[in-house]
Amino acid sequence: MARIWLQSLIKAFYISKKDARVYYFKAPNFTYGFLMPVSLFIAFSIAGQINTSLIVSGLTSIVILFGTTSIEAVAVVLEKQTGTFERLLAAPVSFFTLLLGKALAGFFFGLVLAAVILAPLTVISGTVVANPVLVFIAIAFSSLTFSALGVLVSAYAKWTPEAQMLSNFLRFPMAFLSGTFLPLELMPSQLGVISRLLPLTYSVEALRISINDSAPTFTYLLDILVLALFSFILLVVAAKVLQRRLE
Amino acid sequence: MEVVAKAQYLTKRYHGVLAVDRIDLEVYRSEFFGLLGPNSAGKTTTIRMLTGQTKPTSGVAIVADYDIIHQPIKAKEHVGVVPEASNVYDEMSAWDNLIFAAELYGVPRKERNKRAKDLLERFGLYERRGDRVGNFSKGMKRRLTIAAALIHRPCIVFLDEPTTGLDVQSARIIRNLLKELNRSGVTIFLTTHYIEEADQLCQRIAIINQGRIVALDSPEKLKALVEERHVVEVSFSPAKDLDGQLKGLKHVSDVSWVGDRFRLYVEDASEVIPLLIDFGRENKLRIVSINTMKPSLEDAFVKITGLSPEVMATEKEHAKKGESLG
């Protein structure tokens with residue numbers, strides 16, 4: 001059993017390596033991943049709407065969200081359009097492994113994006129990261145979750161514009177309701193409930209705690225657990241949706 | 001004979017529409033098996049079910065001793081698939097495409113480079129191994145797709161219309177490669193709507209129409225089904241629209257126009273030839289050529305399915321704007 005799992009993981013890694021080369025690590029993707037969230041932040045900062053303590057965690061989280069989902073949301077759709085998805089379907093890999101491979105590519109891309117945004121942000125804002133390991137864990141689970149969200153969109157969408165529309169439909173409300181621009185405490189209570197249903201909330205919170213605290217708090221651990229659960233559930237649902245779509 | 005692939009009562013319905021209807025077939029080891037039928041007959045759906053890409057609505061499919069429905073991953077390890085459209089990555093080189101295929105199929109790391117090199121040499125692509133596949137011609141992409149399907153040394157390769165949309169030369173290269181592959185012991189399951197291609201390549205042919213297999217035998221035995229019919233091909237100068245007049249001749253049951261010749265389906269060729277000579281003389285026509293022929297697979301196909309062979313040959317080519325048979 002363990003051997004089968006290991007083989008599946010290795011194949012997922014090969015799929016992610018291929019995706020990274022074919023879709024991810026290209027200049028336009030980096031530009032788009034940064035441009036949109038950074039522009040939003042600058043706009044809100046100028047208007048005086050952003051608490052400076054939120055900048056590092058909030059901006060890092062939404063850069064990961066926008067960066068990973070932008071390409072992830074179209075990765076399966078593009079493969080279906082070009083016919084290369086047939087190669088993956090014909091190969092001895094399960095739907096879950098296939099989609100895990102897709103999500104892993106987004107995961108690695110998210111890690112790189114986070115590193116590229118976090119390093120200058122901490123320097124500019126004079127933030128001292130309390131525990132880099134906790135920050136890395138928070139970034140890793142955030143990347144995996146948002147990547148899995150992109151996979152779900154991609155599994156559902158039939159063509160590229162539909163995937164882009166769907167991912168924007170999810171990303172923009174999430175960016176405003178997850179404590180990225182405004183602390184959750186300042187939000188109306190009804191919106192606070194909605195924000196607890198969104199993975200970005202847990203990502204921002206986990207990052208903020210890991211930047212400020214040297215030891216993992218209960219809330220931090222809970223955030224990581226919720227992100228892990230989101231990743232798993234999103235991937236399982238994506239596998240089911242894709243299976244149904246292909247029939 | 002060892003059975004490599006087997007379908008029993010295999011059925012597929014898409015939203016209530018019957019695409020494949022209770023088909024039964026067996027493919028033997030080292031055999032070149034053909035599934036011949038018109039567009040939308042159910043060929044691709046059959047391949048997709050036998051290769052585990054689509055779940056059958058009912059029935060059984062066994063490939064390489066594994067039930068494709070219950071053990072799809074095990075079965076897929078022994079199967080090579082070449083879909084109708086080339087499915088290699090344009091952004092990657094030919095070499096990287098093969099290595100990725102080897103990784104997906106779990107080919108041992110030490111073996112990957114050697115197998116990729118052998119296949120690229122065999123398929124005439126080694127010199128272009130480092131080039132981006134997006135710059136390859138259709139024929140080269142198709143060769144690379146076949147090579148990628150062979151990297152894990154499958155016991156059976158399924159090819160879905162491998163020559164459709166290719167130019168004459170590329171199609172010929174692919175057919176020769178397939179013959180060579182089969183001679184080296186690879187079992188081949190080929191779908192095609194080209195009757196001549198099936199006749200040239202396959203040891204046994206299943207004819208599929210409207211989701212059902214309506215005949216399954218060797219090309220020669222299928223042709224024997226129409227042996228009572230003789231065929232005479234005649235060419236006149238000047239060539240005129242003579243179908244109606246020729247159809248009126250005694251013993252002629254049907255006439256079709258093939259290239260620059262009339263093809264007459266007759267009961268007895270020896271009785272019709274003197275009539276044709278008289279017909280030419282009376283109409284002041286010079287007979288350029290006259291041949292008697294054995295019934296072809298096309299004749300058998302027409303008799304079995306009731307479809308026109310012209311429809312088979314042209315329908316997909318119109319869509320693809322390519323030429324293939326030559």
# chains A, B, ... in the order shown; residues from 1 in each chain; ligands from 1
>>> interface_residues(of="chain A", to="chain B", cutoff="10 Å", atoms="only C-alpha atoms", output="JSON, numbers by chain")
{"A": [7, 8, 10, 11, 12, 13, 14, 15, 17, 18, 21, 22, 23, 79, 82, 83, 84, 85, 86, 87, 88, 89, 90, 91, 92, 93, 94, 243, 246, 247]}
>>> write_last_selection(atoms="N, CA and C atoms", output="short mmCIF file (atom, residue, chain, number, x, y, z; two decimals), in the first residue's frame")
data_model
loop_
_atom_site.label_atom_id
_atom_site.label_comp_id
_atom_site.auth_asym_id
_atom_site.auth_seq_id
_atom_site.Cartn_x
_atom_site.Cartn_y
_atom_site.Cartn_z
N GLN A 7 4.54 5.61 -5.26
CA GLN A 7 4.58 5.67 -6.74
C GLN A 7 3.64 6.77 -7.25
N SER A 8 2.48 6.87 -6.62
CA SER A 8 1.52 7.91 -7.03
C SER A 8 2.10 9.30 -6.79
N ILE A 10 5.24 10.11 -6.67
CA ILE A 10 6.33 10.35 -7.63
C ILE A 10 5.74 10.77 -8.98
N LYS A 11 4.66 10.08 -9.41
CA LYS A 11 4.04 10.44 -10.70
C LYS A 11 3.42 11.84 -10.63
N ALA A 12 2.82 12.16 -9.48
CA ALA A 12 2.26 13.52 -9.30
C ALA A 12 3.38 14.55 -9.42
N PHE A 13 4.53 14.21 -8.88
CA PHE A 13 5.67 15.13 -8.96
C PHE A 13 6.10 15.33 -10.42
N TYR A 14 6.12 14.23 -11.20
CA TYR A 14 6.51 14.35 -12.62
C TYR A 14 5.52 15.24 -13.38
N ILE A 15 4.23 15.07 -13.06
CA ILE A 15 3.21 15.90 -13.72
C ILE A 15 3.43 17.38 -13.35
N LYS A 17 6.22 18.77 -12.43
CA LYS A 17 7.47 19.24 -13.06
C LYS A 17 7.19 19.65 -14.52
N LYS A 18 6.42 18.81 -15.18
CA LYS A 18 6.06 19.12 -16.59
C LYS A 18 5.22 20.40 -16.65
N ARG A 21 7.18 23.57 -16.23
CA ARG A 21 7.92 23.96 -17.43
C ARG A 21 7.00 24.50 -18.52
N VAL A 22 5.85 23.84 -18.66
CA VAL A 22 4.98 24.20 -19.79
C VAL A 22 4.15 25.45 -19.49
N TYR A 23 3.64 25.56 -18.26
CA TYR A 23 2.68 26.64 -17.99
C TYR A 23 3.16 27.73 -17.03
N GLU A 79 -5.14 21.85 -21.25
CA GLU A 79 -4.76 20.49 -21.66
C GLU A 79 -5.91 19.80 -22.38
N THR A 82 -6.02 21.31 -25.95
CA THR A 82 -4.95 20.92 -26.88
C THR A 82 -4.89 19.41 -27.09
N GLY A 83 -5.63 18.66 -26.30
CA GLY A 83 -5.64 17.20 -26.46
C GLY A 83 -4.61 16.49 -25.62
N THR A 84 -3.73 17.25 -24.96
CA THR A 84 -2.68 16.59 -24.17
C THR A 84 -3.25 15.93 -22.91
N PHE A 85 -4.45 16.34 -22.52
CA PHE A 85 -5.05 15.73 -21.33
C PHE A 85 -5.32 14.24 -21.56
N GLU A 86 -5.53 13.89 -22.84
CA GLU A 86 -5.76 12.47 -23.20
C GLU A 86 -4.56 11.62 -22.79
N ARG A 87 -3.36 12.22 -22.94
CA ARG A 87 -2.14 11.48 -22.59
C ARG A 87 -2.17 11.14 -21.10
N LEU A 88 -2.58 12.13 -20.30
CA LEU A 88 -2.62 11.92 -18.85
C LEU A 88 -3.71 10.92 -18.47
N LEU A 89 -4.85 11.01 -19.17
CA LEU A 89 -5.95 10.09 -18.85
C LEU A 89 -5.61 8.66 -19.23
N ALA A 90 -4.81 8.50 -20.28
CA ALA A 90 -4.46 7.15 -20.73
C ALA A 90 -3.34 6.54 -19.88
N ALA A 91 -2.66 7.38 -19.13
CA ALA A 91 -1.51 6.89 -18.33
C ALA A 91 -2.00 6.20 -17.05
N PRO A 92 -1.16 5.32 -16.51
CA PRO A 92 -1.58 4.60 -15.30
C PRO A 92 -1.49 5.47 -14.04
N VAL A 93 -2.32 6.48 -13.98
CA VAL A 93 -2.41 7.33 -12.78
C VAL A 93 -3.89 7.57 -12.46
N SER A 94 -4.18 7.67 -11.16
CA SER A 94 -5.58 7.90 -10.77
C SER A 94 -5.93 9.38 -11.00
N GLN A 243 -14.19 13.85 -13.25
CA GLN A 243 -14.65 12.53 -13.69
C GLN A 243 -16.03 12.66 -14.34
N LEU A 246 -15.86 14.52 -17.70
CA LEU A 246 -15.29 13.75 -18.81
C LEU A 246 -16.25 12.69 -19.33
N GLU A 247 -17.21 12.32 -18.50
CA GLU A 247 -18.20 11.34 -18.95
C GLU A 247 -19.19 12.02 -19.89
#
>>> select_by_dssp(residues="stretch 31-230 of chain A", states="alpha helix (DSSP H)", output="MDAnalysis selection string")
chainID A and resid 31:46 52:82 85:90 95:125 132:156 160:177 189:195 199:212 218:230
>>> residues_around(residues="B:Ile47", least_positions_apart="4", cutoff="8 Å", atoms="only C-alpha atoms", output="list in words")
Lys43, Thr51, Phe158 and Asp160 of chain B
>>> write_last_selection(atoms="all heavy atoms", output="mmCIF file, in the first residue's frame")
data_model
loop_
_atom_site.group_PDB
_atom_site.id
_atom_site.type_symbol
_atom_site.label_atom_id
_atom_site.label_comp_id
_atom_site.auth_asym_id
_atom_site.auth_seq_id
_atom_site.Cartn_x
_atom_site.Cartn_y
_atom_site.Cartn_z
ATOM 1 N N LYS B 43 -16.183 4.073 -33.075
ATOM 2 C CA LYS B 43 -14.789 3.598 -33.039
ATOM 3 C C LYS B 43 -14.020 4.227 -31.870
ATOM 4 O O LYS B 43 -13.385 3.526 -31.088
ATOM 5 C CB LYS B 43 -14.049 3.947 -34.348
ATOM 6 C CG LYS B 43 -14.705 3.414 -35.598
ATOM 7 C CD LYS B 43 -13.836 3.608 -36.817
ATOM 8 C CE LYS B 43 -13.582 5.043 -37.198
ATOM 9 N NZ LYS B 43 -14.747 5.771 -37.733
ATOM 10 N N THR B 51 -9.315 1.412 -23.310
ATOM 11 C CA THR B 51 -8.078 1.953 -22.726
ATOM 12 C C THR B 51 -8.333 2.649 -21.378
ATOM 13 O O THR B 51 -7.452 3.322 -20.861
ATOM 14 C CB THR B 51 -7.405 2.946 -23.698
ATOM 15 O OG1 THR B 51 -8.346 3.964 -24.036
ATOM 16 C CG2 THR B 51 -6.931 2.262 -24.954
ATOM 17 N N PHE B 158 -3.188 0.907 -29.056
ATOM 18 C CA PHE B 158 -4.448 1.324 -29.676
ATOM 19 C C PHE B 158 -4.190 2.609 -30.461
ATOM 20 O O PHE B 158 -3.706 3.596 -29.890
ATOM 21 C CB PHE B 158 -5.504 1.599 -28.604
ATOM 22 C CG PHE B 158 -5.991 0.355 -27.909
ATOM 23 C CD1 PHE B 158 -5.300 -0.166 -26.822
ATOM 24 C CD2 PHE B 158 -7.135 -0.294 -28.333
ATOM 25 C CE1 PHE B 158 -5.742 -1.309 -26.180
ATOM 26 C CE2 PHE B 158 -7.590 -1.434 -27.697
ATOM 27 C CZ PHE B 158 -6.887 -1.950 -26.618
ATOM 28 N N ASP B 160 -6.024 5.449 -32.859
ATOM 29 C CA ASP B 160 -7.303 5.956 -33.336
ATOM 30 C C ASP B 160 -7.061 6.824 -34.583
ATOM 31 O O ASP B 160 -6.558 7.934 -34.474
ATOM 32 C CB ASP B 160 -7.960 6.782 -32.214
ATOM 33 C CG ASP B 160 -9.419 7.083 -32.502
ATOM 34 O OD1 ASP B 160 -9.945 6.553 -33.499
ATOM 35 O OD2 ASP B 160 -10.023 7.842 -31.729
#
>>> residues_around(residues="A:Tyr24", least_positions_apart="4", cutoff="12 Å", atoms="only C-alpha atoms", output="ChimeraX atom specification")
/A:16-20,28-33,67-75,102-110,112-113 /B:91
>>> write_last_selection(atoms="N, CA and C atoms", output="short mmCIF file (atom, residue, chain, number, x, y, z; two decimals), in the first residue's frame")
data_model
loop_
_atom_site.label_atom_id
_atom_site.label_comp_id
_atom_site.auth_asym_id
_atom_site.auth_seq_id
_atom_site.Cartn_x
_atom_site.Cartn_y
_atom_site.Cartn_z
N SER A 16 3.73 17.61 -12.08
CA SER A 16 3.94 19.00 -11.64
C SER A 16 5.19 19.60 -12.28
N LYS A 17 6.22 18.77 -12.43
CA LYS A 17 7.47 19.24 -13.06
C LYS A 17 7.19 19.65 -14.52
N LYS A 18 6.42 18.81 -15.18
CA LYS A 18 6.06 19.12 -16.59
C LYS A 18 5.22 20.40 -16.65
N ASP A 19 4.23 20.52 -15.75
CA ASP A 19 3.37 21.72 -15.74
C ASP A 19 4.18 22.98 -15.46
N ALA A 20 5.12 22.86 -14.54
CA ALA A 20 5.95 24.02 -14.20
C ALA A 20 6.67 24.52 -15.44
N PRO A 28 5.15 36.34 -18.07
CA PRO A 28 3.82 36.95 -17.93
C PRO A 28 3.07 36.47 -16.68
N ASN A 29 3.32 35.23 -16.28
CA ASN A 29 2.62 34.70 -15.11
C ASN A 29 3.07 35.40 -13.84
N PHE A 30 4.36 35.67 -13.75
CA PHE A 30 4.88 36.40 -12.59
C PHE A 30 4.28 37.81 -12.57
N THR A 31 4.25 38.43 -13.73
CA THR A 31 3.75 39.79 -13.83
C THR A 31 2.30 39.85 -13.34
N TYR A 32 1.46 38.92 -13.86
CA TYR A 32 0.04 38.96 -13.49
C TYR A 32 -0.15 38.63 -12.01
N GLY A 33 0.62 37.66 -11.53
CA GLY A 33 0.52 37.26 -10.12
C GLY A 33 0.76 38.43 -9.18
N GLY A 67 -1.61 34.47 -7.89
CA GLY A 67 -0.56 33.83 -8.69
C GLY A 67 -0.87 32.38 -9.01
N THR A 68 -1.26 31.62 -7.99
CA THR A 68 -1.49 30.18 -8.24
C THR A 68 -2.76 29.95 -9.03
N THR A 69 -3.85 30.63 -8.64
CA THR A 69 -5.13 30.34 -9.31
C THR A 69 -5.15 30.82 -10.77
N SER A 70 -4.38 31.90 -11.06
CA SER A 70 -4.40 32.41 -12.44
C SER A 70 -4.07 31.31 -13.44
N ILE A 71 -3.04 30.55 -13.16
CA ILE A 71 -2.62 29.54 -14.13
C ILE A 71 -3.28 28.20 -13.83
N GLU A 72 -3.40 27.91 -12.53
CA GLU A 72 -3.98 26.62 -12.16
C GLU A 72 -5.39 26.47 -12.73
N ALA A 73 -6.14 27.60 -12.70
CA ALA A 73 -7.54 27.54 -13.15
C ALA A 73 -7.66 27.19 -14.63
N VAL A 74 -6.61 27.43 -15.39
CA VAL A 74 -6.70 27.10 -16.82
C VAL A 74 -5.82 25.90 -17.21
N ALA A 75 -5.04 25.39 -16.24
CA ALA A 75 -4.09 24.32 -16.58
C ALA A 75 -4.77 23.07 -17.15
N LYS A 102 -1.17 18.36 -10.70
CA LYS A 102 -1.52 19.71 -11.18
C LYS A 102 -1.39 20.71 -10.02
N ALA A 103 -1.92 20.33 -8.86
CA ALA A 103 -1.90 21.24 -7.70
C ALA A 103 -0.48 21.48 -7.21
N LEU A 104 0.37 20.45 -7.30
CA LEU A 104 1.75 20.60 -6.82
C LEU A 104 2.51 21.66 -7.63
N ALA A 105 2.22 21.72 -8.93
CA ALA A 105 2.89 22.73 -9.76
C ALA A 105 2.54 24.12 -9.26
N GLY A 106 1.25 24.33 -8.96
CA GLY A 106 0.80 25.61 -8.41
C GLY A 106 1.41 25.86 -7.04
N PHE A 107 1.55 24.78 -6.28
CA PHE A 107 2.13 24.88 -4.94
C PHE A 107 3.56 25.43 -5.01
N PHE A 108 4.37 24.85 -5.88
CA PHE A 108 5.76 25.31 -6.01
C PHE A 108 5.82 26.76 -6.53
N PHE A 109 4.91 27.05 -7.46
CA PHE A 109 4.85 28.41 -8.00
C PHE A 109 4.49 29.40 -6.88
N GLY A 110 3.54 28.99 -6.03
CA GLY A 110 3.13 29.83 -4.90
C GLY A 110 4.29 30.09 -3.94
N VAL A 112 7.48 30.13 -4.65
CA VAL A 112 8.43 31.06 -5.28
C VAL A 112 7.87 32.49 -5.22
N LEU A 113 6.58 32.63 -5.57
CA LEU A 113 5.95 33.96 -5.54
C LEU A 113 6.02 34.57 -4.15
N GLU B 91 5.27 22.80 -26.29
CA GLU B 91 6.26 23.66 -25.60
C GLU B 91 7.53 22.89 -25.24
#
>>> atom_distance(atom1="atom CA of A:Leu152", atom2="atom CA of A:Tyr220")
25.6 Å
>>> residues_around(residues="B:His230", least_positions_apart="5", cutoff="7 Å", atoms="only C-alpha atoms", output="VMD selection string")
chain B and resid 265 to 269 293 to 295
>>> atom_distance(atom1="atom CA of A:Ser57", atom2="atom CA of A:Leu207")
5.3 Å
>>> select_by_dssp(residues="stretch 65-248 of chain B", states="strand (DSSP E or B)", output="PyMOL selection string")
chain B and resi 66-67+79-82+93+132+156-160+187-192+204-209+212-217+230-237
>>> atom_distance(atom1="atom CA of A:Val63", atom2="atom CA of A:Phe34")
6.0 Å
>>> residues_around(residues="stretch 185-201 of chain A", least_positions_apart="2", cutoff="10 Å", atoms="only C-alpha atoms", output="PyMOL selection string")
chain A and resi 58+61-62+64-65+142+145-146+149+170-171+173-180+182-183+203-206+223+226-231
>>> write_last_selection(atoms="N, CA and C atoms", output="short mmCIF file (atom, residue, chain, number, x, y, z; two decimals), in the first residue's frame")
data_model
loop_
_atom_site.label_atom_id
_atom_site.label_comp_id
_atom_site.auth_asym_id
_atom_site.auth_seq_id
_atom_site.Cartn_x
_atom_site.Cartn_y
_atom_site.Cartn_z
N GLY A 58 -1.14 40.10 4.54
CA GLY A 58 -2.23 40.22 3.57
C GLY A 58 -1.75 40.19 2.14
N SER A 61 -0.41 36.75 1.14
CA SER A 61 -1.49 35.77 0.91
C SER A 61 -2.20 36.00 -0.41
N ILE A 62 -2.52 37.26 -0.72
CA ILE A 62 -3.28 37.42 -1.97
C ILE A 62 -2.38 37.29 -3.21
N ILE A 64 -0.14 34.96 -3.39
CA ILE A 64 -0.19 33.50 -3.58
C ILE A 64 -1.53 33.12 -4.22
N LEU A 65 -2.61 33.69 -3.70
CA LEU A 65 -3.95 33.37 -4.24
C LEU A 65 -4.05 33.70 -5.73
N SER A 142 -0.95 27.52 2.42
CA SER A 142 -1.75 28.48 1.65
C SER A 142 -1.62 28.18 0.16
N THR A 145 -3.57 25.07 -0.81
CA THR A 145 -5.03 25.29 -0.78
C THR A 145 -5.48 26.08 -2.01
N PHE A 146 -4.79 27.18 -2.31
CA PHE A 146 -5.21 28.01 -3.44
C PHE A 146 -4.99 27.29 -4.76
N LEU A 149 -7.81 25.02 -5.15
CA LEU A 149 -8.99 25.78 -5.57
C LEU A 149 -8.96 26.03 -7.09
N LEU A 170 -14.51 33.97 -7.60
CA LEU A 170 -14.14 33.48 -6.27
C LEU A 170 -13.10 34.38 -5.60
N ARG A 171 -12.13 34.87 -6.42
CA ARG A 171 -10.97 35.56 -5.83
C ARG A 171 -11.30 36.95 -5.29
N PRO A 173 -14.21 38.57 -4.25
CA PRO A 173 -14.92 38.66 -2.96
C PRO A 173 -14.05 38.15 -1.80
N MET A 174 -13.27 37.09 -2.09
CA MET A 174 -12.42 36.51 -1.05
C MET A 174 -11.39 37.54 -0.57
N ALA A 175 -10.82 38.26 -1.54
CA ALA A 175 -9.79 39.23 -1.20
C ALA A 175 -10.34 40.32 -0.28
N PHE A 176 -11.62 40.68 -0.43
CA PHE A 176 -12.19 41.75 0.39
C PHE A 176 -12.78 41.25 1.70
N LEU A 177 -13.12 39.95 1.75
CA LEU A 177 -13.83 39.44 2.93
C LEU A 177 -12.95 38.63 3.88
N SER A 178 -11.66 38.53 3.59
CA SER A 178 -10.82 37.63 4.39
C SER A 178 -9.86 38.34 5.33
N GLY A 179 -10.12 39.57 5.62
CA GLY A 179 -9.24 40.29 6.54
C GLY A 179 -7.93 40.72 5.90
N THR A 180 -7.93 40.76 4.59
CA THR A 180 -6.70 41.16 3.90
C THR A 180 -6.54 42.68 3.93
N LEU A 182 -8.99 44.77 5.53
CA LEU A 182 -9.57 45.24 6.80
C LEU A 182 -9.47 44.13 7.84
N PRO A 183 -9.08 44.44 9.10
CA PRO A 183 -9.06 43.38 10.12
C PRO A 183 -10.47 42.81 10.32
N SER A 203 -5.35 31.71 5.77
CA SER A 203 -4.00 31.95 5.27
C SER A 203 -3.44 33.26 5.85
N VAL A 204 -4.24 34.32 5.78
CA VAL A 204 -3.80 35.63 6.29
C VAL A 204 -3.53 35.54 7.79
N GLU A 205 -4.44 34.87 8.48
CA GLU A 205 -4.31 34.77 9.94
C GLU A 205 -3.05 33.98 10.33
N ALA A 206 -2.85 32.85 9.66
CA ALA A 206 -1.69 32.01 9.98
C ALA A 206 -0.39 32.76 9.69
N ASP A 223 -5.56 27.13 12.07
CA ASP A 223 -5.53 27.68 10.71
C ASP A 223 -4.87 26.69 9.73
N VAL A 226 -7.14 23.74 9.12
CA VAL A 226 -8.26 24.11 8.22
C VAL A 226 -7.76 24.20 6.77
N LEU A 227 -6.58 24.80 6.58
CA LEU A 227 -6.03 24.91 5.22
C LEU A 227 -5.76 23.52 4.63
N ALA A 228 -5.23 22.62 5.48
CA ALA A 228 -4.95 21.25 5.00
C ALA A 228 -6.26 20.56 4.61
N LEU A 229 -7.30 20.76 5.43
CA LEU A 229 -8.60 20.16 5.13
C LEU A 229 -9.19 20.74 3.84
N PHE A 230 -9.07 22.05 3.68
CA PHE A 230 -9.53 22.70 2.44
C PHE A 230 -8.84 22.07 1.23
N SER A 231 -7.51 21.90 1.32
CA SER A 231 -6.73 21.34 0.19
C SER A 231 -7.27 19.97 -0.19
#
>>> closest_residue(among="B:Leu276, B:Leu159, B:Ile99, B:Val214", to="B:Asn113", atoms="only C-alpha atoms")
B:Ile99
>>> residues_around(residues="B:Met1", least_positions_apart="3", cutoff="10 Å", atoms="only C-alpha atoms", output="JSON, numbers by chain")
{"B": [4, 27, 28, 29, 30]}
>>> write_last_selection(atoms="all heavy atoms", output="PDB file, in the first residue's frame")
ATOM      1  N   VAL B   4      -5.220 -10.759 -25.999  1.00  0.00           N
ATOM      2  CA  VAL B   4      -4.611  -9.598 -25.322  1.00  0.00           C
ATOM      3  C   VAL B   4      -5.679  -8.585 -24.914  1.00  0.00           C
ATOM      4  O   VAL B   4      -5.564  -7.921 -23.889  1.00  0.00           O
ATOM      5  CB  VAL B   4      -3.564  -8.917 -26.248  1.00  0.00           C
ATOM      6  CG1 VAL B   4      -2.932  -7.724 -25.564  1.00  0.00           C
ATOM      7  CG2 VAL B   4      -2.487  -9.908 -26.634  1.00  0.00           C
ATOM      8  N   VAL B  27      -8.875  -9.633 -29.367  1.00  0.00           N
ATOM      9  CA  VAL B  27      -7.676  -9.310 -30.140  1.00  0.00           C
ATOM     10  C   VAL B  27      -6.569 -10.239 -29.659  1.00  0.00           C
ATOM     11  O   VAL B  27      -6.342 -10.368 -28.449  1.00  0.00           O
ATOM     12  CB  VAL B  27      -7.260  -7.835 -29.947  1.00  0.00           C
ATOM     13  CG1 VAL B  27      -6.044  -7.494 -30.794  1.00  0.00           C
ATOM     14  CG2 VAL B  27      -8.421  -6.904 -30.281  1.00  0.00           C
ATOM     15  N   TYR B  28      -5.902 -10.898 -30.605  1.00  0.00           N
ATOM     16  CA  TYR B  28      -4.873 -11.879 -30.246  1.00  0.00           C
ATOM     17  C   TYR B  28      -3.481 -11.256 -30.220  1.00  0.00           C
ATOM     18  O   TYR B  28      -3.227 -10.258 -30.906  1.00  0.00           O
ATOM     19  CB  TYR B  28      -4.900 -13.053 -31.233  1.00  0.00           C
ATOM     20  CG  TYR B  28      -6.267 -13.681 -31.360  1.00  0.00           C
ATOM     21  CD1 TYR B  28      -6.929 -13.720 -32.577  1.00  0.00           C
ATOM     22  CD2 TYR B  28      -6.904 -14.217 -30.237  1.00  0.00           C
ATOM     23  CE1 TYR B  28      -8.197 -14.287 -32.689  1.00  0.00           C
ATOM     24  CE2 TYR B  28      -8.168 -14.783 -30.341  1.00  0.00           C
ATOM     25  CZ  TYR B  28      -8.812 -14.811 -31.558  1.00  0.00           C
ATOM     26  OH  TYR B  28     -10.058 -15.359 -31.668  1.00  0.00           O
ATOM     27  N   ARG B  29      -2.589 -11.886 -29.458  1.00  0.00           N
ATOM     28  CA  ARG B  29      -1.215 -11.371 -29.357  1.00  0.00           C
ATOM     29  C   ARG B  29      -0.552 -11.310 -30.737  1.00  0.00           C
ATOM     30  O   ARG B  29      -0.719 -12.207 -31.551  1.00  0.00           O
ATOM     31  CB  ARG B  29      -0.388 -12.271 -28.415  1.00  0.00           C
ATOM     32  CG  ARG B  29       1.010 -11.706 -28.156  1.00  0.00           C
ATOM     33  CD  ARG B  29       1.723 -12.426 -27.042  1.00  0.00           C
ATOM     34  NE  ARG B  29       1.165 -12.166 -25.725  1.00  0.00           N
ATOM     35  CZ  ARG B  29       1.375 -11.058 -25.008  1.00  0.00           C
ATOM     36  NH1 ARG B  29       2.118 -10.101 -25.480  1.00  0.00           N
ATOM     37  NH2 ARG B  29       0.828 -10.934 -23.827  1.00  0.00           N
ATOM     38  N   SER B  30       0.149 -10.239 -30.990  1.00  0.00           N
ATOM     39  CA  SER B  30       0.884  -9.965 -32.244  1.00  0.00           C
ATOM     40  C   SER B  30      -0.011  -9.758 -33.450  1.00  0.00           C
ATOM     41  O   SER B  30       0.463  -9.751 -34.587  1.00  0.00           O
ATOM     42  CB  SER B  30       1.899 -11.081 -32.546  1.00  0.00           C
ATOM     43  OG  SER B  30       2.796 -11.188 -31.496  1.00  0.00           O
TER      44      SER B  30
END
